[in-house]
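Colleague: Structure incoming, see below.
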Amino acid sequence: LTLSFLGASLCTVMISCDNTSKPEDSEEVAEEHNEAKFDNKEETDAAFLVAAAGINLEEIQLGKLAQTNSANSDVKALGAMMESEHSKVLKELQALAAKKQITLPNTLTEDGQEAYDKLVKKTNAEFDEEYCEMMVNGHKKAIDKFEMASKNTSDSDIRNWANSTIPSLRKHLDHSISCQQKCEKM
């Protein structure tokens, strides 16, 4: 009996000392907070704003990375534009979310961190090509999300914000495609 008790105590100590677990995804934390506060329609609206925040946080961090890790002036300029413009959009989004009492992630989401970790390992032309590809694909997906929200969101403020953001996302997509084409020619 003493050995079993001792063994259980050791097991507990080993589990409590294990610090290898991943930190909780900020997107999941925000979604859990919103699920507790809202009904289905409001929760769907909140989920869109959470996703939009994740997109903006990722674009800001990847834009910063492009400015420091690229030697290509076009890629650096694209990164600077992404950082600047997505920072503005994130501020608008944070104000809207605060008004609606919606919790947003405030750090890179798990997906955003994975994209950052993938990109940070690249160098030179490989970095430039990967960054541009991420910007093209990411903005295509973002435009789809925002177009869906502009049609399907129940809250008129959120719907109007989504709709007003789409032209900027399209402009970002155009810049990303142009930069990608320039990188392919090099």
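Going by the structure tokens order, chains are called A, B, ..., each with residues numbered from 1, while ligands are numbered from 1 in the order shown.
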So which residues touch region 53-63 of chain A within 7 Å, counting only C-alpha atoms, skipping near sequence neighbours fewer than 2 positions away, as a list in words?

Modeller: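 My list of contacting residues is Leu49, Val50, Ala51, Leu65, Ala66, Gln67, Gly79, Ala80, Met82, Glu83, His86, Ser87, Leu90, Leu104, Pro105, Thr107, Leu108, Thr109, Gly112 and Tyr116 of chain A.
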
Colleague: Those residues with N, CA, C and O atoms, as a compact mmCIF listing (two decimals), in the first residue's frame please?

Modeller:
# COMPACT_ATOMS: atom_id res chain seq x y z
N LEU A 49 -15.42 38.07 -36.47
CA LEU A 49 -14.49 39.09 -35.98
C LEU A 49 -13.23 38.46 -35.39
O LEU A 49 -12.13 39.00 -35.57
N VAL A 50 -13.36 37.32 -34.74
CA VAL A 50 -12.20 36.60 -34.22
C VAL A 50 -11.30 36.17 -35.37
O VAL A 50 -10.08 36.35 -35.33
N ALA A 51 -11.90 35.62 -36.42
CA ALA A 51 -11.12 35.20 -37.59
C ALA A 51 -10.46 36.41 -38.26
O ALA A 51 -9.29 36.35 -38.66
N LEU A 65 8.20 40.74 -40.73
CA LEU A 65 9.22 39.77 -41.08
C LEU A 65 9.75 40.03 -42.49
O LEU A 65 10.96 39.96 -42.73
N ALA A 66 8.86 40.34 -43.42
CA ALA A 66 9.28 40.62 -44.80
C ALA A 66 10.20 41.83 -44.86
O ALA A 66 11.17 41.85 -45.62
N GLN A 67 9.93 42.82 -44.04
CA GLN A 67 10.76 44.02 -44.04
C GLN A 67 12.17 43.75 -43.50
O GLN A 67 13.13 44.40 -43.92
N GLY A 79 5.63 44.20 -47.58
CA GLY A 79 5.58 43.95 -46.13
C GLY A 79 5.23 45.19 -45.34
O GLY A 79 4.42 45.14 -44.40
N ALA A 80 5.80 46.32 -45.73
CA ALA A 80 5.52 47.59 -45.04
C ALA A 80 4.06 47.99 -45.23
O ALA A 80 3.40 48.43 -44.27
N MET A 82 1.55 45.94 -45.83
CA MET A 82 0.73 45.00 -45.06
C MET A 82 0.74 45.35 -43.58
O MET A 82 -0.31 45.38 -42.93
N GLU A 83 1.91 45.64 -43.06
CA GLU A 83 1.99 46.00 -41.64
C GLU A 83 1.17 47.25 -41.35
O GLU A 83 0.36 47.29 -40.42
N HIS A 86 -2.84 46.74 -42.30
CA HIS A 86 -3.53 45.78 -41.43
C HIS A 86 -3.52 46.25 -39.98
O HIS A 86 -4.42 45.90 -39.21
N SER A 87 -2.56 47.08 -39.60
CA SER A 87 -2.58 47.67 -38.26
C SER A 87 -3.77 48.62 -38.13
O SER A 87 -4.46 48.64 -37.10
N LEU A 90 -6.91 46.53 -37.99
CA LEU A 90 -7.01 45.88 -36.68
C LEU A 90 -7.54 46.86 -35.63
O LEU A 90 -8.37 46.48 -34.80
N LEU A 104 -11.49 39.34 -28.75
CA LEU A 104 -10.63 39.03 -29.90
C LEU A 104 -9.30 38.47 -29.43
O LEU A 104 -8.85 38.78 -28.33
N PRO A 105 -8.64 37.68 -30.29
CA PRO A 105 -7.27 37.28 -29.96
C PRO A 105 -6.36 38.50 -29.98
O PRO A 105 -6.60 39.44 -30.75
N THR A 107 -2.82 37.96 -29.75
CA THR A 107 -1.52 37.45 -30.20
C THR A 107 -1.78 36.58 -31.43
O THR A 107 -2.93 36.23 -31.71
N LEU A 108 -0.71 36.24 -32.11
CA LEU A 108 -0.86 35.36 -33.27
C LEU A 108 -1.64 34.11 -32.90
O LEU A 108 -1.43 33.53 -31.83
N THR A 109 -2.54 33.71 -33.77
CA THR A 109 -3.26 32.46 -33.58
C THR A 109 -2.30 31.30 -33.87
O THR A 109 -1.19 31.51 -34.37
N GLY A 112 -1.48 31.39 -37.49
CA GLY A 112 -0.58 32.50 -37.76
C GLY A 112 0.84 32.21 -37.33
O GLY A 112 1.80 32.53 -38.04
N TYR A 116 4.21 31.95 -39.64
CA TYR A 116 5.41 32.71 -39.27
C TYR A 116 6.61 31.78 -39.14
O TYR A 116 7.68 32.06 -39.68

Colleague: Write out as a list in words which residues come within 12 Å of Phe127 (chain A) when counting only C-alpha atoms, dropping same-chain ones fewer than 5 positions away.

Modeller: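 The residues satisfying every condition are Leu62, Leu65, Ala66, Gln67, Thr68, Asn69, Ser70, Ala71, Asn72, Val75, Lys76, Tyr116, Asp117, Lys118, Leu119, Val120, Lys121, Lys122, Cys132, Glu133, Met134, Gln180 and Cys183 of chain A.
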
Colleague: Can you write out the residues you just picked, keeping N, CA and C atoms, as a short mmCIF file (atom, residue, chain, number, x, y, z; two decimals), in the first residue's frame?

Modeller:
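Contents of part07.cif, as written:
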data_model
loop_
_atom_site.label_atom_id
_atom_site.label_comp_id
_atom_site.auth_asym_id
_atom_site.auth_seq_id
_atom_site.Cartn_x
_atom_site.Cartn_y
_atom_site.Cartn_z
N LEU A 62 3.81 38.98 -40.39
CA LEU A 62 4.50 38.55 -41.61
C LEU A 62 5.04 39.76 -42.37
N LEU A 65 8.20 40.74 -40.73
CA LEU A 65 9.22 39.77 -41.08
C LEU A 65 9.75 40.03 -42.49
N ALA A 66 8.86 40.34 -43.42
CA ALA A 66 9.28 40.62 -44.80
C ALA A 66 10.20 41.83 -44.86
N GLN A 67 9.93 42.82 -44.04
CA GLN A 67 10.76 44.02 -44.04
C GLN A 67 12.17 43.75 -43.50
N THR A 68 12.30 42.78 -42.62
CA THR A 68 13.63 42.49 -42.05
C THR A 68 14.35 41.36 -42.77
N ASN A 69 13.60 40.40 -43.32
CA ASN A 69 14.25 39.20 -43.87
C ASN A 69 14.42 39.19 -45.38
N SER A 70 13.80 40.13 -46.06
CA SER A 70 13.92 40.16 -47.51
C SER A 70 14.97 41.19 -47.92
N ALA A 71 15.66 40.88 -49.02
CA ALA A 71 16.59 41.83 -49.61
C ALA A 71 15.95 42.52 -50.82
N ASN A 72 14.77 42.05 -51.21
CA ASN A 72 14.06 42.55 -52.38
C ASN A 72 13.24 43.78 -52.00
N VAL A 75 9.39 43.29 -52.14
CA VAL A 75 8.88 42.47 -51.04
C VAL A 75 8.88 43.29 -49.75
N LYS A 76 9.94 44.06 -49.52
CA LYS A 76 9.99 44.93 -48.34
C LYS A 76 8.84 45.94 -48.36
N TYR A 116 4.21 31.95 -39.64
CA TYR A 116 5.41 32.71 -39.27
C TYR A 116 6.61 31.78 -39.14
N ASP A 117 6.42 30.67 -38.43
CA ASP A 117 7.52 29.72 -38.23
C ASP A 117 8.00 29.12 -39.55
N LYS A 118 7.08 28.88 -40.46
CA LYS A 118 7.45 28.35 -41.78
C LYS A 118 8.25 29.38 -42.56
N LEU A 119 7.80 30.62 -42.52
CA LEU A 119 8.43 31.68 -43.30
C LEU A 119 9.78 32.10 -42.74
N VAL A 120 9.90 32.13 -41.45
CA VAL A 120 11.14 32.62 -40.82
C VAL A 120 12.34 31.73 -41.16
N LYS A 121 12.09 30.49 -41.56
CA LYS A 121 13.16 29.55 -41.91
C LYS A 121 13.67 29.75 -43.34
N LYS A 122 12.94 30.51 -44.14
CA LYS A 122 13.30 30.71 -45.55
C LYS A 122 14.29 31.87 -45.68
N CYS A 132 5.25 36.08 -50.80
CA CYS A 132 4.28 36.52 -51.80
C CYS A 132 3.15 35.51 -51.98
N GLU A 133 3.51 34.24 -52.00
CA GLU A 133 2.49 33.20 -52.13
C GLU A 133 1.54 33.22 -50.94
N MET A 134 2.09 33.39 -49.74
CA MET A 134 1.24 33.49 -48.54
C MET A 134 0.31 34.69 -48.63
N GLN A 180 4.52 39.05 -56.52
CA GLN A 180 4.80 37.65 -56.82
C GLN A 180 5.32 37.50 -58.25
N CYS A 183 8.90 38.68 -58.47
CA CYS A 183 9.83 37.72 -57.85
C CYS A 183 10.06 36.52 -58.76
#

Colleague: Out of A:Glu85, A:Asp111, A:Asp45, A:Asp74, which residue has the shortest atom-to-atom distance to Lys145 (chain A) when counting only C-alpha atoms?

Modeller: A:Asp45

Colleague: Residues of chain A classed as alpha helix (DSSP H) by DSSP on the backbone are to be reported as an MDAnalysis selection string.

Modeller: chainID A and resid 2:16 26:37 40:69 73:100 110:120 124:152 156:185

Colleague: Could you state the separation of CA of Lys182 (chain A) and CA of Ala52 (chain A) in Å, given to one decimal place?

Modeller: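 Straight-line distance from CA of Lys182 (chain A) to CA of Ala52 (chain A) works out to 28.4 Å.
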
Colleague: I'd like to know which of A:Ala115, A:Phe146, A:Ser26, A:Met135 is closest to Met81 (chain A), using only C-alpha atoms.

Modeller: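 Counting only C-alpha atoms, the residue closest to Met81 (chain A) is A:Met135.
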
Colleague: Considering only C-alpha atoms, can you say which of A:Ile177, A:Met148, A:Leu169, A:Ala46 comes closest to Gln94 (chain A)?

Modeller: A:Ala46

Colleague: At a cut-off of 9 Å, can you tabulate as a tab-separated table every residue of region 68-103 of chain A near region 160-166 of chain A together with its closest atom pair and the distance in Å to one decimal, using only C-alpha atoms and ordering rows by chain then number?

Modeller:
residue	atom	partner	partner_atom	distance
A:Val89	CA	A:Thr165	CA	7.8
A:Glu92	CA	A:Trp161	CA	8.6
A:Leu93	CA	A:Trp161	CA	8.2
A:Leu96	CA	A:Trp161	CA	8.5

Colleague: Could you name the residues that touch Arg170 (chain A) at 9 Å or less, counting only C-alpha atoms, but leaving out those on the same chain fewer than 6 positions away, as a list in words?

Modeller: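 Surrounding residues, per the criterion: His139, Lys140 and Ile143 of chain A.
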
Colleague: May I have the selected residues written with C-alpha atoms, as an mmCIF file, in the first residue's frame?

Modeller:
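Below is the file that was written, selection.cif:
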data_model
loop_
_atom_site.group_PDB
_atom_site.id
_atom_site.type_symbol
_atom_site.label_atom_id
_atom_site.label_comp_id
_atom_site.auth_asym_id
_atom_site.auth_seq_id
_atom_site.Cartn_x
_atom_site.Cartn_y
_atom_site.Cartn_z
ATOM 1 C CA HIS A 139 -5.894 37.561 -49.252
ATOM 2 C CA LYS A 140 -7.973 35.337 -51.537
ATOM 3 C CA ILE A 143 -11.805 38.232 -49.387
#
